[in-house]
>>> print(open('entry-v9.tsv').read())   # TSV, C-alpha atoms
chain	number	residue	atom	x	y	z
A	1	MET	CA	0.00	0.00	0.00
A	2	ARG	CA	3.04	2.25	-0.09
A	3	GLY	CA	4.48	4.17	-2.98
A	4	SER	CA	3.35	7.34	-4.65
A	5	PRO	CA	-0.31	7.04	-3.53
A	6	LEU	CA	0.78	6.97	0.10
A	7	CYS	CA	3.09	9.96	-0.36
A	8	GLN	CA	0.05	11.91	-1.43
A	9	GLY	CA	-1.78	11.03	1.69
A	10	LEU	CA	-2.96	7.45	1.84
A	11	VAL	CA	-5.80	7.33	4.38
A	12	THR	CA	-8.72	5.49	5.82
A	13	ALA	CA	-11.70	4.92	3.50
A	14	ILE	CA	-15.27	4.89	4.75
A	15	SER	CA	-18.74	5.12	3.31
A	16	LEU	CA	-21.09	7.80	4.63
A	17	LEU	CA	-23.29	6.74	7.51
A	18	PHE	CA	-26.15	9.03	6.58
A	19	ALA	CA	-27.34	9.57	3.02
A	20	THR	CA	-30.42	11.63	2.26
A	21	SER	CA	-32.44	11.38	-0.93
A	22	LEU	CA	-33.74	14.73	-2.08
A	23	ALA	CA	-35.86	13.37	-4.92
A	24	ALA	CA	-38.95	13.00	-2.74
A	25	VAL	CA	-38.65	16.40	-1.05
A	26	PRO	CA	-40.99	19.01	-2.56
A	27	ALA	CA	-39.37	22.23	-3.72
A	28	HIS	CA	-41.41	24.28	-1.24
A	29	ALA	CA	-40.33	22.14	1.74
A	30	GLY	CA	-37.30	24.35	2.48
A	31	ALA	CA	-34.94	23.63	5.35
A	32	LEU	CA	-35.48	20.98	8.01
A	33	PRO	CA	-37.40	22.19	11.04
A	34	ALA	CA	-35.47	23.04	14.20
A	35	ALA	CA	-37.52	20.56	16.20
A	36	VAL	CA	-39.91	17.65	15.74
A	37	ASP	CA	-42.62	17.04	18.34
A	38	GLY	CA	-40.90	19.55	20.55
A	39	GLU	CA	-37.55	17.69	20.46
A	40	ALA	CA	-34.48	19.31	18.89
A	41	LEU	CA	-33.05	17.46	15.90
A	42	PRO	CA	-29.78	15.65	16.71
A	43	SER	CA	-26.67	17.32	15.31
A	44	LEU	CA	-22.93	16.84	15.60
A	45	ALA	CA	-22.34	20.50	14.79
A	46	PRO	CA	-21.65	21.66	18.40
A	47	MET	CA	-19.05	18.92	18.90
A	48	LEU	CA	-17.45	19.59	15.51
A	49	GLU	CA	-17.26	23.32	16.13
A	50	ARG	CA	-15.26	22.49	19.24
A	51	ILE	CA	-12.84	19.97	17.73
A	52	THR	CA	-12.20	21.04	14.13
A	53	PRO	CA	-9.78	23.86	15.09
A	54	ALA	CA	-7.42	21.09	16.30
A	55	VAL	CA	-7.33	19.32	12.92
A	56	VAL	CA	-4.84	20.83	10.46
A	57	ASN	CA	-3.70	20.49	6.87
A	58	VAL	CA	-0.09	19.38	6.42
A	59	ALA	CA	1.90	20.18	3.27
A	60	SER	CA	5.42	18.85	2.79
A	61	ARG	CA	7.97	19.54	0.06
A	62	ARG	CA	11.15	17.79	-0.91
A	63	SER	CA	13.66	18.10	-3.72
A	64	VAL	CA	14.14	15.01	-5.87
A	65	GLN	CA	16.70	14.52	-8.59
A	66	VAL	CA	15.38	14.19	-12.12
A	67	ARG	CA	17.13	11.40	-13.97
A	68	SER	CA	17.38	10.99	-17.71
A	69	PRO	CA	19.39	8.43	-19.72
A	70	PHE	CA	20.57	11.27	-21.98
A	71	MET	CA	21.31	13.87	-19.32
A	72	ASP	CA	23.19	11.31	-17.22
A	73	ASP	CA	25.54	10.55	-20.14
A	74	PRO	CA	28.75	12.65	-19.82
A	75	PHE	CA	29.43	12.47	-23.60
A	76	PHE	CA	25.90	13.72	-24.36
A	77	ARG	CA	26.30	16.65	-21.94
A	78	ARG	CA	29.72	17.63	-23.38
A	79	PHE	CA	28.50	17.34	-26.99
A	80	PHE	CA	25.62	19.73	-26.38
A	81	GLY	CA	27.55	21.92	-23.95
A	82	MET	CA	25.23	21.21	-21.03
A	83	PRO	CA	26.42	22.01	-17.49
A	84	ASP	CA	27.26	19.08	-15.24
A	85	ILE	CA	24.90	20.03	-12.44
A	86	PRO	CA	22.15	17.88	-10.87
A	87	ARG	CA	18.62	18.58	-12.06
A	88	GLU	CA	15.95	18.68	-9.40
A	89	ARG	CA	12.23	19.14	-9.08
A	90	ILE	CA	10.05	19.83	-6.06
A	91	GLN	CA	7.74	17.02	-4.95
A	92	GLN	CA	4.79	18.03	-2.81
A	93	SER	CA	2.60	15.94	-0.51
A	94	LEU	CA	-0.67	16.91	1.13
A	95	GLY	CA	-2.08	15.32	4.26
A	96	SER	CA	-3.59	16.09	7.62
A	97	GLY	CA	-2.58	16.30	11.26
A	98	VAL	CA	-4.02	16.65	14.77
A	99	ILE	CA	-2.88	19.09	17.43
A	100	VAL	CA	-2.58	17.10	20.65
A	101	ASP	CA	-0.70	19.61	22.85
A	102	ALA	CA	-1.71	23.25	22.43
A	103	ALA	CA	0.81	24.53	24.99
A	104	LYS	CA	3.79	22.98	23.21
A	105	GLY	CA	2.47	22.93	19.64
A	106	TYR	CA	2.77	19.16	19.11
A	107	VAL	CA	0.95	17.71	16.10
A	108	LEU	CA	0.41	14.02	15.37
A	109	THR	CA	0.42	12.91	11.74
A	110	ASN	CA	1.58	9.99	9.60
A	111	ASN	CA	5.21	9.31	8.81
A	112	HIS	CA	4.37	8.89	5.12
A	113	VAL	CA	2.90	12.41	5.02
A	114	ILE	CA	6.22	14.06	5.91
A	115	GLU	CA	8.72	11.35	4.96
A	116	ASN	CA	12.00	12.82	3.61
A	117	ALA	CA	10.45	16.31	3.57
A	118	ASP	CA	12.74	19.33	3.35
A	119	GLU	CA	9.96	21.72	4.38
A	120	ILE	CA	6.74	21.15	6.31
A	121	GLU	CA	3.90	23.67	6.53
A	122	VAL	CA	0.77	23.43	8.64
A	123	THR	CA	-2.41	25.32	7.79
A	124	LEU	CA	-4.81	25.83	10.68
A	125	ALA	CA	-8.59	25.92	10.48
A	126	ASP	CA	-8.46	29.71	11.00
A	127	GLY	CA	-6.35	30.12	7.84
A	128	ARG	CA	-2.94	30.65	9.42
A	129	THR	CA	-0.03	28.84	7.75
A	130	LEU	CA	2.89	27.98	10.04
A	131	ALA	CA	6.29	26.41	9.42
A	132	ALA	CA	6.62	23.09	11.26
A	133	THR	CA	9.67	21.24	12.52
A	134	ARG	CA	10.07	17.47	12.67
A	135	VAL	CA	10.22	16.15	16.24
A	136	GLY	CA	10.42	12.44	15.45
A	137	THR	CA	9.10	9.72	13.17
A	138	ASP	CA	8.45	6.00	13.45
A	139	PRO	CA	8.14	4.34	10.03
A	140	ASP	CA	7.16	0.99	11.58
A	141	SER	CA	3.92	2.36	13.02
A	142	ASP	CA	3.63	5.21	10.46
A	143	VAL	CA	3.37	7.77	13.27
A	144	ALA	CA	5.17	11.13	13.22
A	145	VAL	CA	5.27	14.11	15.57
A	146	ILE	CA	5.85	17.64	14.28
A	147	ARG	CA	5.83	20.95	16.12
A	148	ILE	CA	4.38	24.37	15.30
A	149	PRO	CA	4.56	27.67	17.19
A	150	ALA	CA	2.22	27.40	20.20
A	151	GLU	CA	0.12	30.48	19.56
A	152	ARG	CA	-3.67	30.40	19.99
A	153	LEU	CA	-3.94	26.67	19.34
A	154	ALA	CA	-6.68	24.17	20.16
A	155	ALA	CA	-5.92	20.52	20.94
A	156	LEU	CA	-7.85	17.26	20.97
A	157	PRO	CA	-7.88	15.05	24.07
A	158	LEU	CA	-6.84	11.44	23.46
A	159	ALA	CA	-9.39	8.78	24.36
A	160	ASP	CA	-8.64	5.26	25.56
A	161	SER	CA	-8.92	3.34	22.28
A	162	ALA	CA	-9.01	0.04	24.21
A	163	ARG	CA	-12.59	0.92	25.17
A	164	LEU	CA	-13.76	1.03	21.54
A	165	ARG	CA	-16.37	-1.46	20.40
A	166	VAL	CA	-17.45	-2.54	16.95
A	167	GLY	CA	-20.53	-0.47	16.12
A	168	ASP	CA	-19.40	2.73	17.89
A	169	PHE	CA	-20.13	5.87	15.89
A	170	VAL	CA	-17.06	7.79	14.70
A	171	VAL	CA	-16.29	10.95	12.75
A	172	ALA	CA	-13.29	11.47	10.46
A	173	VAL	CA	-11.84	14.95	9.91
A	174	GLY	CA	-9.12	15.69	7.38
A	175	ASN	CA	-8.04	17.25	4.10
A	176	PRO	CA	-9.10	14.86	1.28
A	177	PHE	CA	-7.57	15.61	-2.12
A	178	GLY	CA	-6.34	18.96	-0.76
A	179	LEU	CA	-9.90	20.33	-0.77
A	180	GLY	CA	-9.69	21.64	2.79
A	181	GLN	CA	-11.17	20.49	6.06
A	182	THR	CA	-13.85	17.86	5.51
A	183	VAL	CA	-15.99	15.88	7.97
A	184	THR	CA	-17.49	12.43	7.39
A	185	GLY	CA	-19.20	9.94	9.67
A	186	GLY	CA	-19.45	6.19	10.07
A	187	LEU	CA	-18.95	3.24	12.36
A	188	VAL	CA	-16.13	1.22	13.86
A	189	SER	CA	-16.28	-1.76	11.50
A	190	ALA	CA	-13.62	-3.94	13.15
A	191	LEU	CA	-10.78	-3.78	15.67
A	192	GLY	CA	-7.25	-5.15	15.75
A	193	ARG	CA	-6.87	-5.34	11.98
A	194	SER	CA	-3.46	-6.30	10.55
A	195	GLY	CA	-2.00	-7.75	7.37
A	196	LEU	CA	-1.64	-4.49	5.40
A	197	ARG	CA	1.42	-4.39	3.20
A	198	GLY	CA	4.01	-1.66	3.72
A	199	ILE	CA	3.37	-0.97	7.42
A	200	GLY	CA	5.28	-2.77	10.16
A	201	VAL	CA	3.35	-2.50	13.42
A	202	GLN	CA	-0.37	-3.02	12.85
A	203	ASN	CA	-3.34	-2.93	15.21
A	204	PHE	CA	-5.76	-0.89	13.14
A	205	ILE	CA	-9.26	0.37	13.77
A	206	GLN	CA	-11.30	-0.37	10.64
A	207	THR	CA	-14.01	2.14	9.81
A	208	ASP	CA	-16.45	2.92	7.05
A	209	ALA	CA	-16.33	6.71	7.55
A	210	SER	CA	-15.54	8.23	4.15
A	211	ILE	CA	-11.82	8.89	3.88
A	212	ASN	CA	-9.73	9.50	0.78
A	213	PRO	CA	-6.15	10.42	-0.19
A	214	GLY	CA	-5.22	13.54	1.75
A	215	ASN	CA	-6.92	12.41	4.98
A	216	SER	CA	-3.72	10.67	6.11
A	217	GLY	CA	-2.74	11.88	9.55
A	218	GLY	CA	-6.22	13.28	10.23
A	219	ALA	CA	-8.47	12.65	13.19
A	220	LEU	CA	-10.88	9.84	13.90
A	221	VAL	CA	-12.98	10.97	16.88
A	222	ASN	CA	-15.79	9.57	18.98
A	223	LEU	CA	-19.04	11.46	19.53
A	224	ARG	CA	-17.55	13.12	22.62
A	225	GLY	CA	-14.97	14.79	20.40
A	226	GLU	CA	-12.05	12.72	21.71
A	227	LEU	CA	-9.28	11.43	19.45
A	228	ILE	CA	-9.55	7.66	19.06
A	229	GLY	CA	-7.35	7.19	15.99
A	230	ILE	CA	-5.09	8.67	13.32
A	231	ASN	CA	-6.43	7.92	9.83
A	232	THR	CA	-3.70	6.14	7.91
A	233	ALA	CA	-4.63	3.77	5.11
A	234	ILE	CA	-7.38	2.54	2.82
A	235	PHE	CA	-8.12	-0.73	1.12
A	236	SER	CA	-9.17	0.13	-2.40
A	237	PRO	CA	-8.71	-1.52	-5.80
A	238	SER	CA	-9.29	1.87	-7.45
A	239	GLY	CA	-7.34	4.12	-5.06
A	240	GLY	CA	-10.52	5.83	-3.84
A	241	ASN	CA	-13.05	5.27	-1.09
A	242	VAL	CA	-14.75	1.86	-1.08
A	243	GLY	CA	-15.81	1.86	2.57
A	244	ILE	CA	-12.76	0.15	4.10
A	245	GLY	CA	-10.34	2.42	5.93
A	246	PHE	CA	-7.86	2.05	8.76
A	247	ALA	CA	-6.76	4.25	11.65
A	248	ILE	CA	-3.92	3.89	14.14
A	249	PRO	CA	-5.48	3.55	17.63
A	250	SER	CA	-4.91	6.52	19.92
A	251	ASN	CA	-3.26	4.33	22.57
A	252	LEU	CA	-0.60	3.21	20.09
A	253	ALA	CA	-0.13	6.74	18.76
A	254	ARG	CA	0.19	8.05	22.34
A	255	ASP	CA	2.86	5.49	23.22
A	256	VAL	CA	4.85	6.17	20.05
A	257	MET	CA	4.65	9.93	20.65
A	258	ARG	CA	5.79	9.52	24.25
A	259	GLN	CA	8.88	7.59	23.14
A	260	LEU	CA	9.64	9.97	20.27
A	261	LEU	CA	9.53	12.93	22.66
A	262	ALA	CA	11.62	11.13	25.29
A	263	PHE	CA	14.20	9.32	23.15
A	264	GLY	CA	13.81	10.56	19.57
A	265	GLU	CA	13.03	6.98	18.54
A	266	VAL	CA	10.81	4.06	19.51
A	267	LYS	CA	12.37	1.25	21.52
A	268	ARG	CA	10.46	-1.97	20.96
A	269	GLY	CA	10.82	-5.20	22.84
A	270	SER	CA	11.81	-8.55	21.39
A	271	LEU	CA	11.70	-12.16	22.52
A	272	GLY	CA	14.89	-12.87	20.60
A	273	LEU	CA	13.68	-15.74	18.45
A	274	ALA	CA	13.13	-16.47	14.77
A	275	THR	CA	10.00	-18.20	13.46
A	276	GLN	CA	8.31	-19.36	10.29
A	277	ASP	CA	4.70	-19.95	9.25
A	278	LEU	CA	2.98	-23.28	9.77
A	279	ASP	CA	2.32	-24.58	6.27
A	280	GLU	CA	0.42	-27.84	5.79
A	281	GLU	CA	3.53	-30.00	5.46
A	282	LEU	CA	5.21	-28.59	8.56
A	283	ALA	CA	1.96	-28.70	10.53
A	284	ALA	CA	1.51	-32.37	9.66
A	285	ALA	CA	5.07	-33.14	10.76
A	286	LEU	CA	4.50	-31.41	14.10
A	287	GLY	CA	0.99	-32.79	14.55
A	288	VAL	CA	-0.68	-29.37	14.80
A	289	GLU	CA	-3.31	-27.50	12.83
A	290	PRO	CA	-2.04	-25.37	9.90
A	291	GLY	CA	-2.26	-21.60	10.35
A	292	LYS	CA	-2.55	-21.81	14.13
A	293	GLY	CA	0.85	-20.62	15.27
A	294	ALA	CA	4.42	-19.74	14.37
A	295	VAL	CA	7.17	-22.38	14.54
A	296	VAL	CA	10.34	-21.39	16.39
A	297	THR	CA	13.37	-21.99	14.17
A	298	ARG	CA	16.06	-20.29	16.24
A	299	VAL	CA	16.44	-18.97	19.79
A	300	GLY	CA	19.07	-16.32	20.44
A	301	ALA	CA	21.65	-17.10	23.09
A	302	GLY	CA	20.91	-15.19	26.29
A	303	SER	CA	17.61	-13.90	24.84
A	304	PRO	CA	14.34	-13.55	26.79
A	305	ALA	CA	13.05	-16.57	24.86
A	306	ALA	CA	16.04	-18.65	25.93
A	307	GLY	CA	15.59	-17.56	29.53
A	308	ALA	CA	11.93	-18.61	29.37
A	309	GLY	CA	12.88	-22.06	28.11
A	310	ILE	CA	11.53	-21.71	24.58
A	311	ARG	CA	13.16	-24.14	22.13
A	312	PRO	CA	13.41	-24.56	18.36
A	313	GLY	CA	10.44	-26.66	17.23
A	314	ASP	CA	8.04	-25.06	19.72
A	315	VAL	CA	4.92	-23.52	18.20
A	316	VAL	CA	3.98	-20.08	19.58
A	317	THR	CA	0.18	-19.87	19.65
A	318	ALA	CA	-0.51	-16.75	21.73
A	319	ILE	CA	1.08	-13.73	23.41
A	320	ASP	CA	-0.78	-12.43	26.46
A	321	GLY	CA	-3.85	-14.26	25.27
A	322	LYS	CA	-3.78	-12.73	21.78
A	323	PRO	CA	-3.71	-15.44	19.11
A	324	VAL	CA	-0.63	-15.95	16.96
A	325	ARG	CA	-1.61	-17.41	13.58
A	326	SER	CA	1.56	-16.61	11.66
A	327	ARG	CA	5.08	-15.25	11.84
A	328	ALA	CA	3.68	-11.81	10.97
A	329	ASP	CA	1.25	-11.96	13.92
A	330	LEU	CA	4.10	-12.67	16.31
A	331	ALA	CA	6.27	-9.86	14.92
A	332	ASN	CA	3.32	-7.46	15.16
A	333	LEU	CA	2.53	-8.35	18.76
A	334	GLU	CA	6.20	-7.94	19.73
A	335	GLY	CA	6.29	-4.57	17.95
A	336	LEU	CA	3.36	-3.28	19.97
A	337	LEU	CA	5.13	-3.90	23.27
A	338	PRO	CA	7.83	-1.68	24.82
A	339	VAL	CA	11.15	-2.83	26.16
A	340	GLY	CA	10.77	-4.35	29.62
A	341	SER	CA	7.26	-5.70	29.09
A	342	THR	CA	6.56	-9.04	30.74
A	343	VAL	CA	4.45	-11.32	28.56
A	344	GLN	CA	2.81	-14.72	28.79
A	345	VAL	CA	3.74	-16.94	25.85
A	346	ALA	CA	1.52	-19.91	24.99
A	347	LEU	CA	3.34	-22.81	23.28
A	348	LEU	CA	2.72	-26.23	21.82
A	349	ARG	CA	5.53	-28.73	22.39
A	350	ASP	CA	5.18	-32.40	21.43
A	351	GLY	CA	1.40	-32.04	21.58
A	352	ALA	CA	1.43	-30.50	25.07
A	353	VAL	CA	0.29	-26.96	25.90
A	354	LEU	CA	2.85	-24.87	27.80
A	355	ASN	CA	2.74	-21.33	29.18
A	356	VAL	CA	5.94	-19.45	29.93
A	357	THR	CA	6.78	-15.91	31.03
A	358	ALA	CA	9.36	-13.69	29.35
A	359	ALA	CA	10.51	-10.09	29.83
A	360	LEU	CA	11.10	-8.40	26.48
A	361	ARG	CA	14.27	-6.49	25.80
>>> encode(input="entry-v9.tsv", output="structure tokens")
Amino acid sequence: MRGSPLCQGLVTAISLLFATSLAAVPAHAGALPAAVDGEALPSLAPMLERITPAVVNVASRRSVQVRSPFMDDPFFRRFFGMPDIPRERIQQSLGSGVIVDAAKGYVLTNNHVIENADEIEVTLADGRTLAATRVGTDPDSDVAVIRIPAERLAALPLADSARLRVGDFVVAVGNPFGLGQTVTGGLVSALGRSGLRGIGVQNFIQTDASINPGNSGGALVNLRGELIGINTAIFSPSGGNVGIGFAIPSNLARDVMRQLLAFGEVKRGSLGLATQDLDEELAAALGVEPGKGAVVTRVGAGSPAAGAGIRPGDVVTAIDGKPVRSRADLANLEGLLPVGSTVQVALLRDGAVLNVTAALR
């Protein structure tokens, strides 16, 4: 899912929750009434008026060398008297971001929105355009933190994304196709999604709120106006919205930001072992079900796995109760845990179920 589409703001895709047909509305009907049977019509406008000043447009620029088989040929350049200087062009990327600390000017966005940027500009909802500086980036989770001057800013509070449930209403705010701030609504379609190509650490919120290129780095909020996710990617055969989009949970974004601010990088834990997927042949040889674990092929000397007694040939089936179906699942679960975390590892060994404890480092 990476490549040029991502550099232009690959984001979550979602279909609109509410669609209204105007064909049956008479021309003289006019606007909707302010109340029905004495009850005010529900509206998200008050919440949106409060939170949209914290969602910003992010524009990045970088110089890239223009290559040509003719211009790169020294003989060709000498023959036509062309100077031997590199040719460059400016590549621009548009995305979104969320102010999460008004006092310090910290903005959360996606790494792919600002990756390799020479200049970053942030445009606020009130029209101000400010130069931003890069604080830190984490390509594995696709989270980045930038900073703008802390002058008259609004920030979004971060919710506990672990409390999300499938079916919760959500609102996406961002800058699709560079049009400017846009709001769409939908549902949490699924939780804990992984398996997207091009992104290392994955624990996505799936949503059907309408998101398109340019929404990358924008806000996914609950109906209380709290940040529950950073819109990041879409699944789309055409490159546009088909109702399947993904957001980085706020808890993961918060942890990455904390480490970027503290260390300038993210320090992730590791068990210190190598694994491979359970194909049918290997599963038959080990007497286990295919696709229900990752086979340990090597254990590092002195590693947490070695200290926990894990051996080559063991099949890892779960970490802290979360199922491991493949090598990728195990790598993803490790990547979500910080150094020093103590985890419970469920294993199959010679047909027996074992549970061991290991401290990641």
>>> residues_around(input="entry-v9.tsv", residues="range 255-258 of chain A", least_positions_apart="4", cutoff="8 Å", atoms="only C-alpha atoms", output="list in words")
Leu108, Asp138, Val143, Ala144, Val145, Asn251, Ala262 and Val266 of chain A
>>> atom_distance(input="entry-v9.tsv", atom1="CA of Leu271 in chain A", atom2="CA of Val343 in chain A")
9.5 Å
>>> residues_around(input="entry-v9.tsv", residues="range 56-63 of chain A", least_positions_apart="6", cutoff="8 Å", atoms="only C-alpha atoms", output="PyMOL selection string")
chain A and resi 88-99+113-114+116-125+174-175+180-181+218
>>> write_last_selection(input="entry-v9.tsv", atoms="C-alpha atoms", output="short mmCIF file (atom, residue, chain, number, x, y, z; two decimals), in the coordinates of the input")
data_model
loop_
_atom_site.label_atom_id
_atom_site.label_comp_id
_atom_site.auth_asym_id
_atom_site.auth_seq_id
_atom_site.Cartn_x
_atom_site.Cartn_y
_atom_site.Cartn_z
CA GLU A 88 15.95 18.68 -9.40
CA ARG A 89 12.23 19.14 -9.08
CA ILE A 90 10.05 19.83 -6.06
CA GLN A 91 7.74 17.02 -4.95
CA GLN A 92 4.79 18.03 -2.81
CA SER A 93 2.60 15.94 -0.51
CA LEU A 94 -0.67 16.91 1.13
CA GLY A 95 -2.08 15.32 4.26
CA SER A 96 -3.59 16.09 7.62
CA GLY A 97 -2.58 16.30 11.26
CA VAL A 98 -4.02 16.65 14.77
CA ILE A 99 -2.88 19.09 17.43
CA VAL A 113 2.90 12.41 5.02
CA ILE A 114 6.22 14.06 5.91
CA ASN A 116 12.00 12.82 3.61
CA ALA A 117 10.45 16.31 3.57
CA ASP A 118 12.74 19.33 3.35
CA GLU A 119 9.96 21.72 4.38
CA ILE A 120 6.74 21.15 6.31
CA GLU A 121 3.90 23.67 6.53
CA VAL A 122 0.77 23.43 8.64
CA THR A 123 -2.41 25.32 7.79
CA LEU A 124 -4.81 25.83 10.68
CA ALA A 125 -8.59 25.92 10.48
CA GLY A 174 -9.12 15.69 7.38
CA ASN A 175 -8.04 17.25 4.10
CA GLY A 180 -9.69 21.64 2.79
CA GLN A 181 -11.17 20.49 6.06
CA GLY A 218 -6.22 13.28 10.23
#
>>> atom_distance(input="entry-v9.tsv", atom1="CA of Leu223 in chain A", atom2="CA of Gly185 in chain A")
10.0 Å
>>> atom_distance(input="entry-v9.tsv", atom1="CA of Ala274 in chain A", atom2="CA of Ala308 in chain A")
14.8 Å
